[in-house]
>>> print(open('entry-v8.pdb').read())   # PDB, C-alpha atoms
ATOM      1  CA  GLY A   1     234.759 191.610 215.648
ATOM      2  CA  TYR A   2     232.882 188.622 214.361
ATOM      3  CA  HIS A   3     234.374 185.149 214.353
ATOM      4  CA  PHE A   4     232.758 182.264 212.541
ATOM      5  CA  ASP A   5     233.147 178.534 212.920
ATOM      6  CA  GLY A   6     234.519 177.563 209.486
ATOM      7  CA  ASN A   7     232.575 174.294 209.389
ATOM      8  CA  LEU A   8     229.265 175.891 210.343
ATOM      9  CA  ILE A   9     229.605 178.878 208.011
ATOM     10  CA  SER A  10     230.438 176.615 205.060
ATOM     11  CA  LYS A  11     227.296 174.553 205.796
ATOM     12  CA  PHE A  12     225.267 177.791 205.930
ATOM     13  CA  PHE A  13     226.529 179.037 202.562
ATOM     14  CA  LEU A  14     226.086 175.578 201.083
ATOM     15  CA  SER A  15     222.420 175.664 202.119
ATOM     16  CA  LYS A  16     222.033 178.891 200.079
ATOM     17  CA  CYS A  17     223.372 177.330 196.858
ATOM     18  CA  ASN A  18     220.010 176.165 195.540
ATOM     19  CA  ASP A  19     220.799 175.713 191.838
ATOM     20  CA  THR A  20     224.472 174.936 192.203
ATOM     21  CA  LYS A  21     225.806 171.481 191.396
ATOM     22  CA  ILE A  22     228.359 170.580 194.043
ATOM     23  CA  ILE A  23     230.907 167.856 193.403
ATOM     24  CA  ASP A  24     232.680 166.796 196.582
ATOM     25  CA  ASP A  25     235.661 164.933 195.175
ATOM     26  CA  GLU A  26     239.424 165.149 194.872
ATOM     27  CA  VAL A  27     241.159 166.149 191.633
ATOM     28  CA  ILE A  28     243.908 163.618 190.943
ATOM     29  CA  SER A  29     245.001 164.693 187.455
ATOM     30  CA  VAL A  30     244.516 167.396 184.850
ATOM     31  CA  LYS A  31     244.199 167.196 181.061
ATOM     32  CA  TYR A  32     245.465 170.195 179.130
ATOM     33  CA  LYS A  33     244.622 171.546 175.668
ATOM     34  CA  GLU A  34     247.395 172.104 173.114
ATOM     35  CA  ASN A  35     247.475 175.813 174.008
ATOM     36  CA  GLY A  36     248.168 174.967 177.681
ATOM     37  CA  ASN A  37     244.699 175.767 179.013
ATOM     38  CA  VAL A  38     243.093 173.293 181.385
ATOM     39  CA  ASP A  39     240.607 171.114 179.485
ATOM     40  CA  LYS A  40     239.439 168.541 182.050
ATOM     41  CA  LEU A  41     239.823 167.774 185.729
ATOM     42  CA  ILE A  42     239.968 164.055 186.556
ATOM     43  CA  THR A  43     238.667 163.150 190.016
ATOM     44  CA  LYS A  44     239.377 160.326 192.416
ATOM     45  CA  THR A  45     235.948 158.795 191.696
ATOM     46  CA  GLY A  46     236.643 158.825 187.938
ATOM     47  CA  LEU A  47     234.697 161.903 186.874
ATOM     48  CA  GLU A  48     236.082 163.915 183.954
ATOM     49  CA  ILE A  49     234.938 167.495 184.421
ATOM     50  CA  GLU A  50     235.273 169.797 181.408
ATOM     51  CA  THR A  51     236.134 173.355 182.343
ATOM     52  CA  ASP A  52     236.695 176.775 180.812
ATOM     53  CA  PHE A  53     238.136 178.360 183.943
ATOM     54  CA  VAL A  54     239.797 176.991 187.089
ATOM     55  CA  ILE A  55     240.247 178.630 190.471
ATOM     56  CA  ASP A  56     243.152 176.821 192.121
ATOM     57  CA  CYS A  57     242.474 176.382 195.832
ATOM     58  CA  SER A  58     245.013 173.600 196.342
ATOM     59  CA  GLY A  59     246.737 175.545 199.113
ATOM     60  CA  PHE A  60     250.365 174.773 199.851
ATOM     61  CA  HIS A  61     250.216 171.922 197.287
ATOM     62  CA  ARG A  62     250.208 174.634 194.600
ATOM     63  CA  VAL A  63     249.200 172.107 191.953
ATOM     64  CA  PHE A  64     249.046 174.472 188.985
ATOM     65  CA  GLN A  65     252.164 176.403 190.028
ATOM     66  CA  GLN A  66     253.991 173.086 189.681
ATOM     67  CA  ASP A  67     252.184 171.894 186.535
ATOM     68  CA  TYR A  68     252.956 175.146 184.726
ATOM     69  CA  ASN A  69     256.417 175.399 186.292
ATOM     70  CA  LEU A  70     255.704 178.956 187.423
ATOM     71  CA  LYS A  71     258.351 180.701 189.483
ATOM     72  CA  MET A  72     257.888 181.174 193.216
ATOM     73  CA  ASN A  73     260.106 183.838 194.792
ATOM     74  CA  ASP A  74     261.322 182.817 198.224
ATOM     75  CA  VAL A  75     261.050 185.486 200.895
ATOM     76  CA  LYS A  76     264.036 185.016 203.183
ATOM     77  CA  SER A  77     263.317 188.081 205.318
ATOM     78  CA  THR A  78     260.587 186.274 207.270
ATOM     79  CA  LEU A  79     261.410 184.047 210.204
ATOM     80  CA  MET A  80     258.211 182.042 210.455
ATOM     81  CA  ASN A  81     257.774 178.736 208.630
ATOM     82  CA  ARG A  82     255.727 176.415 210.862
ATOM     83  CA  ALA A  83     252.498 176.550 212.873
ATOM     84  CA  ILE A  84     250.874 174.185 215.342
ATOM     85  CA  PRO A  85     247.106 174.792 215.627
ATOM     86  CA  PHE A  86     244.998 173.430 218.500
ATOM     87  CA  LEU A  87     241.584 173.911 220.095
ATOM     88  CA  VAL A  88     240.759 174.956 223.646
ATOM     89  CA  PRO A  89     237.195 174.537 224.945
ATOM     90  CA  ILE A  90     235.491 177.527 226.522
ATOM     91  CA  GLU A  91     234.595 176.627 230.089
ATOM     92  CA  GLU A  92     231.100 177.118 231.483
ATOM     93  CA  ASN A  93     230.673 180.656 232.898
ATOM     94  CA  GLU A  94     233.984 181.746 231.345
ATOM     95  CA  ASP A  95     234.143 185.338 230.102
ATOM     96  CA  ILE A  96     234.634 184.995 226.350
ATOM     97  CA  ASP A  97     236.929 187.331 224.451
ATOM     98  CA  VAL A  98     235.140 188.923 221.504
ATOM     99  CA  PHE A  99     238.342 189.655 219.621
ATOM    100  CA  THR A 100     241.341 187.856 218.183
ATOM    101  CA  THR A 101     244.404 187.843 220.404
ATOM    102  CA  ALA A 102     247.950 187.757 219.054
ATOM    103  CA  LYS A 103     250.397 187.076 221.884
ATOM    104  CA  ALA A 104     254.175 187.325 221.619
ATOM    105  CA  MET A 105     255.900 184.095 222.604
ATOM    106  CA  GLN A 106     259.546 183.197 223.108
ATOM    107  CA  TYR A 107     260.027 181.879 219.536
ATOM    108  CA  GLY A 108     257.116 183.420 217.626
ATOM    109  CA  TRP A 109     253.516 184.273 218.376
ATOM    110  CA  MET A 110     250.269 182.592 219.375
ATOM    111  CA  TRP A 111     246.770 183.351 218.099
ATOM    112  CA  LYS A 112     243.509 182.914 219.972
ATOM    113  CA  ILE A 113     240.174 183.223 218.157
ATOM    114  CA  PRO A 114     236.849 182.683 219.961
ATOM    115  CA  VAL A 115     234.397 180.571 217.968
ATOM    116  CA  GLY A 116     231.200 179.341 219.629
ATOM    117  CA  ASN A 117     232.139 176.932 222.386
ATOM    118  CA  ARG A 118     235.900 176.913 221.813
ATOM    119  CA  TYR A 119     238.968 178.933 220.978
ATOM    120  CA  GLY A 120     240.868 178.200 217.791
ATOM    121  CA  MET A 121     244.482 178.684 218.783
ATOM    122  CA  GLY A 122     247.939 178.112 217.374
ATOM    123  CA  TYR A 123     251.611 178.942 217.703
ATOM    124  CA  VAL A 124     253.580 180.250 214.706
ATOM    125  CA  PHE A 125     257.370 179.875 214.839
ATOM    126  CA  ASN A 126     260.596 179.038 213.015
ATOM    127  CA  LYS A 127     261.155 175.266 212.918
ATOM    128  CA  ASP A 128     264.924 175.810 212.694
ATOM    129  CA  LEU A 129     265.017 177.515 216.118
ATOM    130  CA  ILE A 130     262.795 175.336 218.314
ATOM    131  CA  SER A 131     261.347 171.817 218.275
ATOM    132  CA  ASN A 132     257.642 170.977 218.178
ATOM    133  CA  ASP A 133     257.949 169.402 221.641
ATOM    134  CA  ASP A 134     259.466 172.575 223.089
ATOM    135  CA  VAL A 135     256.742 174.702 221.462
ATOM    136  CA  ILE A 136     254.065 172.478 223.019
ATOM    137  CA  LYS A 137     255.786 172.738 226.421
ATOM    138  CA  GLU A 138     255.832 176.540 226.140
ATOM    139  CA  ILE A 139     252.143 176.645 225.146
ATOM    140  CA  GLU A 140     251.142 174.367 228.015
ATOM    141  CA  THR A 141     253.161 176.440 230.474
ATOM    142  CA  VAL A 142     251.629 179.714 229.293
ATOM    143  CA  LEU A 143     248.074 178.310 229.239
ATOM    144  CA  ASN A 144     248.544 176.135 232.335
ATOM    145  CA  ARG A 145     246.806 173.231 230.577
ATOM    146  CA  LYS A 146     247.542 170.316 228.242
ATOM    147  CA  ILE A 147     246.803 170.756 224.540
ATOM    148  CA  GLU A 148     246.243 168.373 221.637
ATOM    149  CA  PRO A 149     247.786 169.701 218.416
ATOM    150  CA  ILE A 150     245.517 169.276 215.388
ATOM    151  CA  LYS A 151     248.434 169.062 212.963
ATOM    152  CA  VAL A 152     251.735 170.684 212.045
ATOM    153  CA  ILE A 153     251.682 173.150 209.145
ATOM    154  CA  ASP A 154     254.954 173.814 207.305
ATOM    155  CA  TRP A 155     255.447 176.307 204.504
ATOM    156  CA  ASN A 156     258.129 177.938 202.460
ATOM    157  CA  PRO A 157     257.564 181.718 202.605
ATOM    158  CA  ALA A 158     257.163 182.628 198.944
ATOM    159  CA  VAL A 159     255.266 184.773 196.452
ATOM    160  CA  SER A 160     254.307 183.666 192.949
ATOM    161  CA  GLU A 161     255.436 185.812 190.033
ATOM    162  CA  LYS A 162     252.073 185.007 188.410
ATOM    163  CA  ILE A 163     248.721 184.286 190.012
ATOM    164  CA  TRP A 164     246.814 184.041 186.708
ATOM    165  CA  HIS A 165     248.159 181.791 183.962
ATOM    166  CA  LYS A 166     246.221 180.536 180.933
ATOM    167  CA  ASN A 167     242.714 179.746 182.271
ATOM    168  CA  VAL A 168     243.807 179.214 185.893
ATOM    169  CA  LEU A 169     243.589 181.731 188.730
ATOM    170  CA  MET A 170     245.643 180.745 191.776
ATOM    171  CA  LEU A 171     244.192 182.179 194.992
ATOM    172  CA  GLY A 172     245.287 182.253 198.604
ATOM    173  CA  LEU A 173     247.940 179.775 199.643
ATOM    174  CA  SER A 174     248.077 178.467 196.057
ATOM    175  CA  SER A 175     249.762 181.680 195.001
ATOM    176  CA  ASN A 176     251.686 182.926 198.041
ATOM    177  CA  PHE A 177     252.130 182.997 201.764
ATOM    178  CA  ILE A 178     254.316 185.150 203.956
ATOM    179  CA  GLU A 179     253.813 185.046 207.707
ATOM    180  CA  PRO A 180     253.573 188.723 208.670
ATOM    181  CA  LEU A 181     255.654 188.642 211.870
TER     182      LEU A 181
END
>>> encode(input="entry-v8.pdb", output="structure tokens")
Amino acid sequence: GYHFDGNLISKFFLSKCNDTKIIDDEVISVKYKENGNVDKLITKTGLEIETDFVIDCSGFHRVFQQDYNLKMNDVKSTLMNRAIPFLVPIEENEDIDVFTTAKAMQYGWMWKIPVGNRYGMGYVFNKDLISNDDVIKEIETVLNRKIEPIKVIDWNPAVSEKIWHKNVLMLGLSSNFIEPL
């Protein structure tokens, strides 16, 4: 399997976008037409960007799901609702896995993905069954090393009844997420 460093691969694809105008900004509000279609995106730097079509990549913020008051169906059959990602450097002369590892843990599972000079790793679990501190202790015991969590990711397992509404297509985490375990 191939594993790519997300930062490096995005820079690569960006270098291939010769005639593409890229606006690196944050959308802070949306203006709608009378028919409910998105008309303009207003950015943090004050730009007003007219649009005919929007691909919502706002992730768990689900901006347009909320703006349009679209129904999200909770999925109660899944146990997982939190993840703690972290990085582990690959040591000099270490044999590097060339595959993703999914390891069963006491309260969930841990991923390990080799990328260049490090492993992207994380523990997925149910926040109602174990604390972050206890998860970190378990990780450090299993790995026999200290880790530095990057962040804590919470989510409500849910699926949108609609992923396309008016002139907005909601993709990825903007439209749904169910942890498969």
>>> residues_near_point(input="entry-v8.pdb", point="(256.9, 179.1, 212.5)", cutoff="7 Å", atoms="all atoms listed in the file", output="PyMOL selection string")
chain A and resi 80-83+108+124-127
>>> closest_atom_pairs(input="entry-v8.pdb", of="segment 115-162 of chain A", to="segment 64-72 of chain A", cutoff="8 Å", atoms="all atoms listed in the file", output="JSON lines")
{"residue": "A:Ala158", "atom": "CA", "partner": "A:Met72", "partner_atom": "CA", "distance": 6.0}
{"residue": "A:Val159", "atom": "CA", "partner": "A:Met72", "partner_atom": "CA", "distance": 5.5}
{"residue": "A:Ser160", "atom": "CA", "partner": "A:Met72", "partner_atom": "CA", "distance": 4.4}
{"residue": "A:Glu161", "atom": "CA", "partner": "A:Lys71", "partner_atom": "CA", "distance": 5.9}
{"residue": "A:Lys162", "atom": "CA", "partner": "A:Leu70", "partner_atom": "CA", "distance": 7.1}
>>> closest_atom_pairs(input="entry-v8.pdb", of="segment 109-170 of chain A", to="segment 98-102 of chain A", cutoff="8 Å", atoms="only C-alpha atoms", output="JSON lines")
{"residue": "A:Trp109", "atom": "CA", "partner": "A:Ala102", "partner_atom": "CA", "distance": 6.6}
{"residue": "A:Met110", "atom": "CA", "partner": "A:Ala102", "partner_atom": "CA", "distance": 5.7}
{"residue": "A:Trp111", "atom": "CA", "partner": "A:Ala102", "partner_atom": "CA", "distance": 4.7}
{"residue": "A:Lys112", "atom": "CA", "partner": "A:Thr101", "partner_atom": "CA", "distance": 5.0}
{"residue": "A:Ile113", "atom": "CA", "partner": "A:Thr100", "partner_atom": "CA", "distance": 4.8}
{"residue": "A:Pro114", "atom": "CA", "partner": "A:Val98", "partner_atom": "CA", "distance": 6.7}
>>> residues_around(input="entry-v8.pdb", residues="Lys31 of chain A", least_positions_apart="2", cutoff="8 Å", atoms="only C-alpha atoms", output="NGL selection string")
:A and (29 or 33 or 38-42)
>>> atom_distance(input="entry-v8.pdb", atom1="atom CA of Val168 of chain A", atom2="atom CA of Arg62 of chain A")
11.7 Å
>>> resolve_selection(input="entry-v8.pdb", expression="the PyMOL selection byres ((chain A and resi 87-93) around 6)", output="MDAnalysis selection string")
chainID A and resid 86 94 117:121
>>> atom_distance(input="entry-v8.pdb", atom1="atom CA of Val75 of chain A", atom2="atom CA of Val63 of chain A")
20.0 Å
>>> closest_residue(input="entry-v8.pdb", among="A:Ser10, A:Asn18, A:Asn73, A:Gln106", to="Asn176 of chain A", atoms="all atoms listed in the file")
A:Asn73
